[in-house]
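Engineer: For reference, this is run_36.cif, and it has mmCIF, C-alpha atoms and all ligand atoms.
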```cif
data_data
loop_
_atom_site.label_atom_id
_atom_site.label_comp_id
_atom_site.auth_asym_id
_atom_site.auth_seq_id
_atom_site.Cartn_x
_atom_site.Cartn_y
_atom_site.Cartn_z
CA MET A 201 15.65 24.88 -32.10
CA ALA A 202 16.99 21.54 -33.25
CA GLU A 203 16.37 18.61 -30.91
CA ALA A 204 19.32 17.68 -28.70
CA GLN A 205 20.96 14.43 -29.66
CA VAL A 206 23.12 11.78 -28.01
CA VAL A 207 25.32 9.60 -30.20
CA ILE A 208 26.13 6.23 -28.67
CA THR A 209 28.67 3.53 -29.52
CA GLN A 210 27.89 0.27 -31.26
CA ARG A 211 28.18 -1.47 -27.89
CA GLY A 212 25.65 0.95 -26.40
CA ALA A 213 23.30 0.37 -29.34
CA GLU A 214 23.60 -3.39 -28.87
CA ARG A 215 22.62 -3.01 -25.23
CA LEU A 216 19.49 -1.18 -26.29
CA PHE A 217 18.72 -3.87 -28.88
CA ALA A 218 19.09 -6.44 -26.10
CA GLY A 219 16.32 -4.65 -24.25
CA HIS A 220 18.32 -2.64 -21.74
CA LEU A 221 17.08 0.87 -21.10
CA TRP A 222 20.25 2.42 -19.77
CA VAL A 223 23.38 3.52 -21.63
CA TYR A 224 26.44 4.28 -19.52
CA ARG A 225 28.80 7.22 -19.85
CA SER A 226 31.53 5.06 -21.43
CA ASP A 227 29.22 4.37 -24.39
CA ILE A 228 28.49 8.00 -25.19
CA ARG A 229 30.29 9.22 -28.34
CA GLY A 230 29.10 12.79 -28.28
CA THR A 231 26.21 15.05 -27.45
CA ASP A 232 24.97 18.62 -27.59
CA ALA A 233 22.40 17.96 -24.85
CA SER A 234 21.92 19.96 -21.66
CA PRO A 235 21.42 18.29 -18.27
CA GLY A 236 18.00 16.65 -18.07
CA ASP A 237 17.06 17.04 -21.75
CA ALA A 238 14.75 14.57 -23.45
CA VAL A 239 17.01 13.64 -26.38
CA ARG A 240 17.10 11.81 -29.66
CA VAL A 241 19.39 8.76 -29.33
CA CYS A 242 21.23 7.54 -32.40
CA ASP A 243 24.19 5.37 -33.35
CA GLU A 244 27.35 6.59 -35.04
CA ARG A 245 25.76 6.31 -38.47
CA GLY A 246 22.95 8.59 -37.35
CA ARG A 247 20.33 5.84 -37.13
CA PHE A 248 17.47 6.71 -34.77
CA LEU A 249 17.27 4.36 -31.77
CA GLY A 250 14.72 6.09 -29.57
CA ARG A 251 14.16 8.96 -27.19
CA ALA A 252 15.64 9.17 -23.74
CA PHE A 253 16.34 11.26 -20.67
CA TYR A 254 19.89 12.54 -20.59
CA SER A 255 21.99 13.09 -17.48
CA GLU A 256 25.35 14.86 -17.73
CA ARG A 257 26.42 13.77 -14.25
CA SER A 258 25.35 10.18 -13.53
CA GLN A 259 27.16 7.11 -14.87
CA ILE A 260 23.75 6.28 -16.33
CA SER A 261 23.81 8.91 -19.07
CA VAL A 262 20.83 7.74 -21.07
CA ARG A 263 17.51 6.31 -19.83
CA LEU A 264 15.39 5.17 -22.73
CA ILE A 265 11.76 6.33 -22.72
CA THR A 266 10.54 5.09 -26.08
CA ARG A 267 11.79 3.41 -29.24
CA ASP A 268 9.20 5.31 -31.26
CA ASP A 269 9.76 8.54 -33.14
CA VAL A 270 7.23 10.58 -31.18
CA PRO A 271 7.54 14.05 -29.62
CA MET A 272 8.47 14.28 -25.92
CA ASP A 273 5.81 16.79 -25.00
CA ARG A 274 3.40 17.25 -22.13
CA ASN A 275 0.75 15.04 -23.77
CA PHE A 276 3.23 12.22 -24.10
CA PHE A 277 4.16 12.30 -20.40
CA ALA A 278 0.54 12.72 -19.32
CA ALA A 279 -0.38 9.65 -21.39
CA ARG A 280 2.35 7.62 -19.69
CA ILE A 281 1.01 8.54 -16.26
CA ARG A 282 -2.57 7.79 -17.33
CA ALA A 283 -1.53 4.37 -18.62
CA ALA A 284 0.26 3.61 -15.35
CA ALA A 285 -2.83 4.67 -13.38
CA ALA A 286 -5.15 2.58 -15.57
CA PHE A 287 -3.09 -0.52 -14.78
CA ARG A 288 -3.47 0.15 -11.02
CA GLU A 289 -7.24 0.40 -11.51
CA ARG A 290 -7.06 -3.18 -12.75
CA VAL A 291 -4.76 -4.79 -10.16
CA VAL A 292 -5.03 -2.76 -6.98
CA GLU A 293 -7.93 -3.55 -4.66
CA ASP A 294 -8.96 -3.02 -1.06
CA THR A 295 -6.53 -0.18 -0.50
CA GLN A 296 -6.25 3.58 -0.55
CA VAL A 297 -2.49 3.28 -0.72
CA CYS A 298 -0.55 2.20 -3.80
CA ARG A 299 2.27 2.98 -6.18
CA LEU A 300 0.91 4.80 -9.23
CA VAL A 301 4.14 5.17 -11.21
CA TYR A 302 7.15 2.86 -10.77
CA GLY A 303 9.86 4.51 -12.88
CA GLU A 304 11.35 2.33 -15.61
CA ALA A 305 8.68 -0.35 -15.16
CA ASP A 306 6.07 2.23 -16.19
CA GLN A 307 8.29 3.61 -18.94
CA PHE A 308 8.75 6.82 -17.02
CA PRO A 309 12.39 6.46 -15.94
CA SER A 310 13.36 7.92 -12.56
CA LEU A 311 9.85 8.99 -11.54
CA ILE A 312 8.03 7.45 -8.55
CA VAL A 313 4.48 8.43 -7.64
CA ASP A 314 2.78 6.90 -4.59
CA ARG A 315 -0.79 7.48 -3.50
CA TYR A 316 -1.86 7.71 0.14
CA ALA A 317 -5.64 8.23 0.03
CA ASP A 318 -6.13 11.81 -1.24
CA TYR A 319 -2.43 12.67 -1.16
CA LEU A 320 0.46 11.95 -3.50
CA VAL A 321 4.17 11.57 -2.85
CA ILE A 322 6.64 11.88 -5.71
CA GLN A 323 10.33 11.20 -6.18
CA THR A 324 12.19 12.75 -9.11
CA LEU A 325 15.44 10.79 -9.10
CA SER A 326 17.29 12.12 -12.14
CA GLN A 327 18.10 15.47 -13.70
CA ALA A 328 15.36 14.96 -16.28
CA THR A 329 12.44 14.27 -13.94
CA GLU A 330 13.73 16.93 -11.54
CA ARG A 331 13.68 19.48 -14.36
CA ARG A 332 10.12 18.49 -15.29
CA LYS A 333 8.88 18.51 -11.71
CA THR A 334 6.51 21.46 -12.14
CA GLU A 335 5.00 19.94 -15.26
CA ILE A 336 4.67 16.53 -13.57
CA VAL A 337 2.90 18.12 -10.61
CA GLU A 338 0.48 19.88 -12.99
CA ILE A 339 -0.27 16.63 -14.78
CA LEU A 340 -0.82 14.80 -11.49
CA GLU A 341 -3.21 17.52 -10.32
CA GLU A 342 -5.12 17.27 -13.57
CA ILE A 343 -5.47 13.49 -13.46
CA PHE A 344 -5.87 12.76 -9.74
CA SER A 345 -6.98 16.06 -8.15
CA PRO A 346 -5.05 15.28 -4.95
CA ARG A 347 -5.43 17.40 -1.84
CA GLY A 348 -1.68 17.75 -1.67
CA ILE A 349 1.61 16.57 -3.18
CA VAL A 350 4.87 16.01 -1.29
CA GLU A 351 8.31 15.43 -2.79
CA ARG A 352 10.30 12.78 -0.91
CA ASN A 353 13.51 13.56 -2.69
CA ASP A 354 15.72 12.35 0.13
CA PRO A 355 17.13 9.15 -1.49
CA LYS A 356 20.93 9.16 -1.81
CA VAL A 357 20.83 8.33 -5.54
CA ARG A 358 19.94 11.98 -6.14
CA LEU A 359 23.54 12.86 -5.23
CA LEU A 360 24.81 10.83 -8.20
CA GLU A 361 22.80 13.19 -10.40
CA GLY A 362 24.25 16.28 -8.73
CA LEU A 363 20.83 16.91 -7.09
CA ASP A 364 20.33 17.78 -3.44
CA GLN A 365 18.37 15.66 -0.93
CA LYS A 366 15.17 17.35 0.11
CA VAL A 367 11.62 16.87 1.33
CA SER A 368 9.00 19.55 0.67
CA LEU A 369 5.38 20.31 -0.04
CA LEU A 370 4.86 20.87 -3.78
CA ALA A 371 1.12 21.51 -3.98
CA GLY A 372 -1.98 21.87 -1.82
CA GLU A 373 -1.81 20.85 1.81
CA VAL A 374 -0.61 17.68 3.48
CA PRO A 375 -1.22 17.03 7.19
CA PRO A 376 1.64 15.65 9.31
CA GLU A 377 -0.27 12.39 9.37
CA VAL A 378 -2.53 10.85 6.76
CA ILE A 379 -4.87 8.02 7.72
CA ALA A 380 -5.46 5.49 4.96
CA LEU A 381 -6.95 2.04 4.63
CA GLU A 382 -5.09 -1.01 3.39
CA ASN A 383 -6.59 -4.52 3.34
CA GLY A 384 -9.30 -3.30 5.70
CA VAL A 385 -6.81 -1.93 8.27
CA ARG A 386 -6.31 1.78 8.93
CA PHE A 387 -2.77 3.10 9.19
CA HIS A 388 -1.25 6.49 10.04
CA PHE A 389 1.28 7.57 7.44
CA ASP A 390 3.81 10.34 7.83
CA LEU A 391 4.55 11.34 4.25
CA PHE A 392 7.35 13.68 5.28
CA LYS A 393 9.31 11.43 7.64
CA GLY A 394 8.05 7.85 7.34
CA GLN A 395 10.29 5.20 5.73
CA LYS A 396 10.55 5.35 1.92
CA THR A 397 7.58 7.55 0.90
CA GLY A 398 5.72 6.90 4.15
CA GLY A 399 5.29 3.13 4.23
CA PHE A 400 6.12 -0.17 2.56
CA LEU A 401 3.53 -0.37 -0.22
CA ASP A 402 5.30 -3.29 -1.87
CA GLN A 403 4.18 -5.73 0.89
CA ARG A 404 0.44 -5.10 0.58
CA GLU A 405 -0.38 -8.35 -1.24
CA ASN A 406 2.00 -10.38 0.91
CA ARG A 407 0.32 -9.12 4.10
CA ARG A 408 -2.99 -10.31 2.75
CA ALA A 409 -1.54 -13.63 1.63
CA ALA A 410 0.08 -14.21 5.04
CA ALA A 411 -3.28 -13.57 6.75
CA GLU A 412 -4.77 -16.57 4.92
CA TYR A 413 -2.49 -18.93 6.85
CA ALA A 414 -2.41 -17.12 10.19
CA SER A 415 -3.74 -18.60 13.43
CA GLY A 416 -2.78 -19.12 17.07
CA GLU A 417 0.40 -17.47 18.29
CA VAL A 418 2.34 -15.29 15.87
CA LEU A 419 5.68 -13.49 15.98
CA ASP A 420 6.25 -10.52 13.60
CA CYS A 421 9.97 -9.79 13.83
CA PHE A 422 10.50 -6.60 11.81
CA THR A 423 7.10 -5.04 12.14
CA TYR A 424 7.73 -1.31 11.41
CA ASN A 425 4.24 0.24 11.85
CA GLY A 426 2.56 -3.15 12.27
CA GLY A 427 1.83 -3.86 8.59
CA PHE A 428 1.76 -7.66 8.81
CA ALA A 429 0.82 -7.92 12.51
CA LEU A 430 -2.33 -5.79 12.26
CA THR A 431 -3.46 -7.31 8.96
CA LEU A 432 -3.52 -10.83 10.39
CA ALA A 433 -4.35 -10.13 14.06
CA GLY A 434 -8.04 -10.88 13.56
CA LYS A 435 -7.25 -14.51 12.74
CA CYS A 436 -4.95 -15.12 15.71
CA GLN A 437 -5.01 -15.50 19.45
CA HIS A 438 -2.01 -13.34 20.02
CA VAL A 439 0.63 -11.52 17.96
CA GLU A 440 3.97 -10.34 19.26
CA ALA A 441 5.37 -7.54 17.08
CA ILE A 442 9.03 -6.57 17.39
CA ASP A 443 11.01 -3.65 15.99
CA LEU A 444 14.35 -2.15 16.89
CA SER A 445 13.12 1.40 16.32
CA PRO A 446 11.15 3.13 19.11
CA THR A 447 9.34 5.34 16.56
CA ALA A 448 8.22 2.25 14.64
CA VAL A 449 6.93 0.57 17.82
CA GLU A 450 5.08 3.73 18.80
CA ALA A 451 3.52 3.94 15.30
CA GLY A 452 2.50 0.29 15.55
CA ARG A 453 0.77 0.88 18.88
CA ARG A 454 -1.08 3.91 17.54
CA ASN A 455 -2.22 1.94 14.49
CA GLN A 456 -3.42 -0.84 16.76
CA ALA A 457 -5.49 1.66 18.78
CA LEU A 458 -6.84 3.23 15.59
CA ASN A 459 -8.27 -0.16 14.61
CA GLN A 460 -9.41 -1.16 18.11
CA ILE A 461 -7.29 -4.29 17.89
CA THR A 462 -6.29 -5.66 21.29
CA ASN A 463 -4.29 -8.84 20.74
CA VAL A 464 -1.02 -7.42 19.38
CA ALA A 465 1.86 -6.70 21.78
CA PHE A 466 4.35 -4.27 20.26
CA ARG A 467 7.83 -4.36 21.75
CA GLU A 468 11.08 -2.54 21.08
CA ALA A 469 13.76 -5.22 20.69
CA ASN A 470 16.38 -6.70 18.43
CA ALA A 471 14.86 -9.55 16.41
CA PHE A 472 18.13 -11.52 16.52
CA ASP A 473 18.04 -11.47 20.35
CA VAL A 474 14.31 -12.20 20.57
CA LEU A 475 14.59 -15.27 18.32
CA LYS A 476 17.47 -16.56 20.43
CA GLN A 477 15.65 -15.96 23.71
CA CYS A 478 12.46 -17.61 22.45
CA ASP A 479 14.52 -20.67 21.59
CA GLU A 480 16.18 -20.74 25.02
CA GLN A 481 12.79 -20.39 26.70
CA GLY A 482 11.33 -23.19 24.57
CA ARG A 483 8.59 -20.99 23.15
CA ARG A 484 6.68 -22.08 20.06
CA PHE A 485 4.68 -20.20 17.40
CA ASP A 486 2.16 -20.98 14.67
CA MET A 487 3.52 -18.32 12.33
CA ILE A 488 6.69 -16.22 12.20
CA LEU A 489 7.16 -13.26 9.87
CA LEU A 490 10.60 -12.08 8.80
CA ASP A 491 10.74 -8.84 6.82
CA PRO A 492 14.14 -7.37 7.67
CA PRO A 493 15.76 -4.34 6.03
CA ALA A 494 18.07 -5.15 3.10
CA PHE A 495 21.04 -6.98 4.67
CA ALA A 496 23.01 -6.79 1.40
CA LYS A 497 23.26 -3.14 0.38
CA ASN A 498 25.95 -3.97 -2.18
CA ARG A 499 27.81 -6.92 -3.68
CA ALA A 500 30.56 -6.87 -1.05
CA SER A 501 28.09 -7.41 1.79
CA VAL A 502 26.48 -10.54 0.27
CA PRO A 503 28.42 -13.09 2.43
CA ALA A 504 27.57 -11.26 5.68
CA ALA A 505 23.96 -10.84 4.52
CA ARG A 506 23.78 -14.53 3.75
CA ARG A 507 24.80 -15.36 7.34
CA GLY A 508 22.21 -12.89 8.68
CA TYR A 509 19.37 -14.35 6.61
CA LYS A 510 20.43 -17.87 7.50
CA GLU A 511 20.47 -17.13 11.22
CA ILE A 512 16.99 -15.60 11.47
CA ASN A 513 15.44 -18.21 9.17
CA LEU A 514 17.09 -21.12 10.99
CA ARG A 515 15.98 -19.89 14.41
CA SER A 516 12.45 -19.18 13.17
CA LEU A 517 12.07 -22.62 11.58
CA LYS A 518 13.07 -24.20 14.89
CA LEU A 519 10.49 -22.14 16.78
CA LEU A 520 7.54 -23.16 14.61
CA ARG A 521 5.09 -25.83 15.66
CA PRO A 522 4.49 -28.63 13.16
CA GLY A 523 1.99 -27.25 10.65
CA GLY A 524 3.20 -23.70 11.34
CA TYR A 525 4.17 -21.14 8.72
CA LEU A 526 7.24 -19.05 8.06
CA VAL A 527 6.67 -15.92 5.98
CA THR A 528 10.17 -14.87 5.01
CA CYS A 529 11.23 -11.90 2.89
CA SER A 530 14.36 -10.35 1.46
CA CYS A 531 14.39 -6.95 -0.21
CA SER A 532 18.11 -7.12 -1.07
CA HIS A 533 18.48 -6.78 -4.81
CA HIS A 534 21.90 -8.44 -4.47
CA ILE A 535 20.37 -11.64 -3.07
CA PRO A 536 18.55 -13.11 -6.07
CA GLU A 537 15.58 -15.42 -5.54
CA HIS A 538 17.49 -18.66 -6.13
CA LEU A 539 20.14 -17.69 -3.58
CA PHE A 540 17.51 -16.73 -1.01
CA LEU A 541 15.82 -20.10 -1.50
CA GLU A 542 19.17 -21.85 -1.10
CA ILE A 543 19.72 -20.03 2.23
CA ILE A 544 16.27 -21.05 3.47
CA THR A 545 16.87 -24.66 2.39
CA GLU A 546 20.15 -24.76 4.34
CA ALA A 547 18.39 -23.20 7.33
CA ALA A 548 15.63 -25.84 7.21
CA ASN A 549 18.15 -28.66 6.99
CA ASP A 550 20.20 -27.30 9.89
CA ALA A 551 17.00 -26.84 11.90
CA ARG A 552 16.08 -30.46 11.03
CA ARG A 553 12.74 -29.34 9.69
CA ILE A 554 10.97 -30.67 6.64
CA ALA A 555 9.37 -27.69 5.00
CA ALA A 556 7.39 -26.94 1.86
CA VAL A 557 7.09 -23.73 -0.11
CA VAL A 558 3.39 -22.99 -0.41
CA GLU A 559 3.74 -19.58 -2.04
CA ARG A 560 6.55 -17.98 -3.95
CA ARG A 561 5.82 -14.29 -4.00
CA THR A 562 7.31 -10.91 -4.83
CA GLN A 563 6.44 -7.22 -4.57
CA SER A 564 2.80 -6.15 -5.10
CA ARG A 565 1.65 -5.84 -8.70
CA ASP A 566 1.71 -2.06 -8.61
CA HIS A 567 5.53 -2.52 -8.58
CA PRO A 568 5.82 -4.50 -11.84
CA ILE A 569 9.12 -6.14 -12.74
CA LEU A 570 10.69 -5.15 -16.03
CA LEU A 571 12.18 -8.21 -17.75
CA THR A 572 15.25 -6.36 -18.94
CA VAL A 573 15.89 -4.29 -15.81
CA PRO A 574 16.60 -6.85 -13.07
CA GLU A 575 16.94 -3.99 -10.56
CA THR A 576 13.14 -3.65 -10.69
CA HIS A 577 12.81 -7.10 -9.02
CA TYR A 578 13.98 -6.70 -5.45
CA LEU A 579 11.43 -8.23 -3.11
CA LYS A 580 11.30 -11.97 -2.49
CA CYS A 581 8.67 -13.46 -0.17
CA PHE A 582 8.21 -17.16 0.53
CA ILE A 583 5.42 -18.65 2.57
CA ILE A 584 6.78 -21.89 3.96
CA LYS A 585 4.90 -24.60 5.82
CA VAL A 586 6.72 -26.67 8.36
CA LEU A 587 5.49 -30.24 8.03
N1 LIG B 1 7.28 -5.49 7.89
C1 LIG B 1 7.14 -4.07 7.71
C2 LIG B 1 8.36 -3.43 7.08
C3 LIG B 1 9.66 -3.72 7.77
S1 LIG B 1 10.97 -2.66 7.34
C4 LIG B 1 5.89 -3.78 6.87
O1 LIG B 1 5.19 -4.72 6.49
O2 LIG B 1 5.62 -2.61 6.62
C5 LIG B 1 12.24 -3.25 8.36
C6 LIG B 1 12.07 -2.86 9.82
O3 LIG B 1 13.05 -3.61 10.55
C7 LIG B 1 12.33 -1.40 10.15
O4 LIG B 1 11.19 -0.88 10.79
C8 LIG B 1 13.54 -1.42 11.10
O5 LIG B 1 13.41 -0.49 12.16
C9 LIG B 1 13.48 -2.82 11.65
N2 LIG B 1 14.75 -3.42 12.11
C10 LIG B 1 15.98 -3.29 11.59
N3 LIG B 1 16.86 -4.09 12.24
C11 LIG B 1 16.16 -4.75 13.20
C12 LIG B 1 16.48 -5.72 14.18
N4 LIG B 1 17.73 -6.18 14.30
N5 LIG B 1 15.50 -6.17 14.98
C13 LIG B 1 14.24 -5.72 14.86
N6 LIG B 1 13.87 -4.81 13.94
C14 LIG B 1 14.81 -4.32 13.13
#
```
Would you write out, as structure tokens, the structure that this file holds?

Structural biologist:
Amino acid sequence: MAEAQVVITQRGAERLFAGHLWVYRSDIRGTDASPGDAVRVCDERGRFLGRAFYSERSQISVRLITRDDVPMDRNFFAARIRAAAAFRERVVEDTQVCRLVYGEADQFPSLIVDRYADYLVIQTLSQATERRKTEIVEILEEIFSPRGIVERNDPKVRLLEGLDQKVSLLAGEVPPEVIALENGVRFHFDLFKGQKTGGFLDQRENRRAAAEYASGEVLDCFTYNGGFALTLAGKCQHVEAIDLSPTAVEAGRRNQALNQITNVAFREANAFDVLKQCDEQGRRFDMILLDPPAFAKNRASVPAARRGYKEINLRSLKLLRPGGYLVTCSCSHHIPEHLFLEIITEAANDARRIAAVVERRTQSRDHPILLTVPETHYLKCFIIKVL
């Protein structure tokens, strides 16, 4: 059978030459491909441009996999996963939890694979990776011999591909809770119901970095299961860890008990209110951590998000003792780093604080940023010292 082919416009071809990996529906001239095929991509003169995953539903019709003229067989995909894993061997340390495959950034578009100790969680976010799910599971079993594999295919983007949202066990067995070590701290992870694929793996290096500066009294405002709070508790007198969600607070408390840590107080509350109350009560801290959910989910919400980020950063900067540290994050892709820094600068000025950036950080290295796909850079994290 002849290989399916997608013919793209000159504009589409130019995008690929400029390093982009995606070609949109409006730049497709014609195709004989079926949903989810791995196709040959060429321009209108028939020139070969590479091989890609094809989606007949999404606005992103073509996701480039390679510019080389090589067959898209099982060995090819297994080699991609092996290469991604080999990179983690190099950069991931002191953890049983990490991202093994980060889609486009690992040249395996629309596939996510996360490791939680002996278990794997995958997301197949396009028609092409969905169609290859069985093969991907086989490859993962071959390479990693996991005890079980879960699909966390509940992200909404699946709907754009005409795929349903579902969570299920794909191989082996997975307990309702997996215990795994990160930076020397043990956490319970619920791979079926926890946030994202079970936890926020992208903050691992930032938690460790924050711990270097931690001391005295600390406030962790969006703690989830205690990621930052428990990592730095050993260096502090007392940590107050806040989250709006009762399940998160409960998970934090259980993780604290699991590690026999006794100086973290988990509390269900709204961080906006807590910061305001602390100010009214004249309380002071040596470190404040801000890791809120994405305030800007789309372009239209950027102005409101900007006000939200400004408010929590301004209040936090006021509450810090001289010599204290603010660890402040934004995971909104729509708030680029320079804008986030501008917001923090305004907040510092309004709070009448002189502050210095001591670390300018991003997501952990197992979530590499692809130069030509800005969407792969979403997490900003600044460690700021109040002088
Ligand atoms: N810092 C965590 C991840 C935080 S995710 C880690 O290192 O793993 C964002 C968290 O903020 C979620 O758990 C969510 O429940 C919580 N949240 C959302 N809005 C909030 C608010 N207004 N006040 C406090 N917590 C909030």

Engineer: Quick one: pull the distance between CA of Ala433 (chain A) and CA of Arg407 (chain A), Å, one decimal.

Structural biologist: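 Taking CA of Ala433 (chain A) and CA of Arg407 (chain A), their separation equals 11.0 Å.
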
Engineer: Write out as a PyMOL selection string the residues lying within 12 Å of Gln205 (chain A), counting all atoms listed in the file and excluding same-chain residues fewer than 3 positions away.

Structural biologist: chain A and resi 201-202+208+228-234+237-244+246-254+262

Engineer: Name each residue within 10 Å of ligand LIG 1 (chain B), counting all atoms listed in the file, as a PyMOL selection string.

Structural biologist: chain A and resi 394-396+398-404+406-407+420-431+441-449+452+467-475+489-495+508+512+529+531

Engineer: For Glu559 (chain A), which residue out of A:Leu519, A:Ala410, A:Cys436, A:Leu579 is the nearest one, using all atoms listed in the file?

Structural biologist: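 Of all the options, A:Ala410 lies closest to Glu559 (chain A).
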
Engineer: Got a sec: who's within 7 Å of Tyr316 (chain A), counting all atoms listed in the file, leaving out chain neighbours fewer than 3 positions off, as an MDAnalysis selection string?

Structural biologist: chainID A and resid 296:298 319:320 380

Engineer: Just checking: using only C-alpha atoms, which residue out of A:Leu264, A:Leu539, A:Ala286, A:Ile583 ends up closest to Val206 (chain A)?

Structural biologist: A:Leu264

Engineer: Do you have the CA of Glu256 (chain A)-CA of Ser532 (chain A) distance handy?

Structural biologist: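 It comes out at 28.5 Å.
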
Engineer: Which residues are close to Arg499 (chain A), i.e. within 10 Å by only C-alpha atoms, leaving aside same-chain residues fewer than 2 positions away? Reply as a PyMOL selection string.

Structural biologist: chain A and resi 496-497+501-503+505+533-535

Engineer: Using only C-alpha atoms, find the one residue out of A:Glu450, A:Leu419, A:Asn455, A:Thr576 that sits nearest to Arg484 (chain A).

Structural biologist: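 Among A:Glu450, A:Leu419, A:Asn455, A:Thr576, it is A:Leu419 that comes nearest to Arg484 (chain A).
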
Engineer: Need to verify the contact set: Arg560 (chain A), 10 Å, all atoms listed in the file, exclusion of same-chain residues closer than 4 positions in sequence. Can you return it as an MDAnalysis selection string?

Structural biologist: chainID A and resid 537 541 580:584

Engineer: Mind giving me the straight-line distance from CA of Phe466 (chain A) to CA of Val418 (chain A) in Å, one decimal?

Structural biologist: 12.0 Å

Engineer: Go through A:Asp314, A:Asp390, A:Glu382, A:Asp273 and flag the residue nearest Glu335 (chain A), using all atoms listed in the file for the distances.

Structural biologist: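 So, comparing all the options, the nearest one is A:Asp273.
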
Engineer: From the options A:Arg565, A:Arg331, A:Arg521, A:Arg257, which residue's atoms come nearest to Gly482 (chain A), counting all atoms listed in the file?

Structural biologist: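 Residue with the minimum atom-to-atom distance to Gly482 (chain A): A:Arg521.
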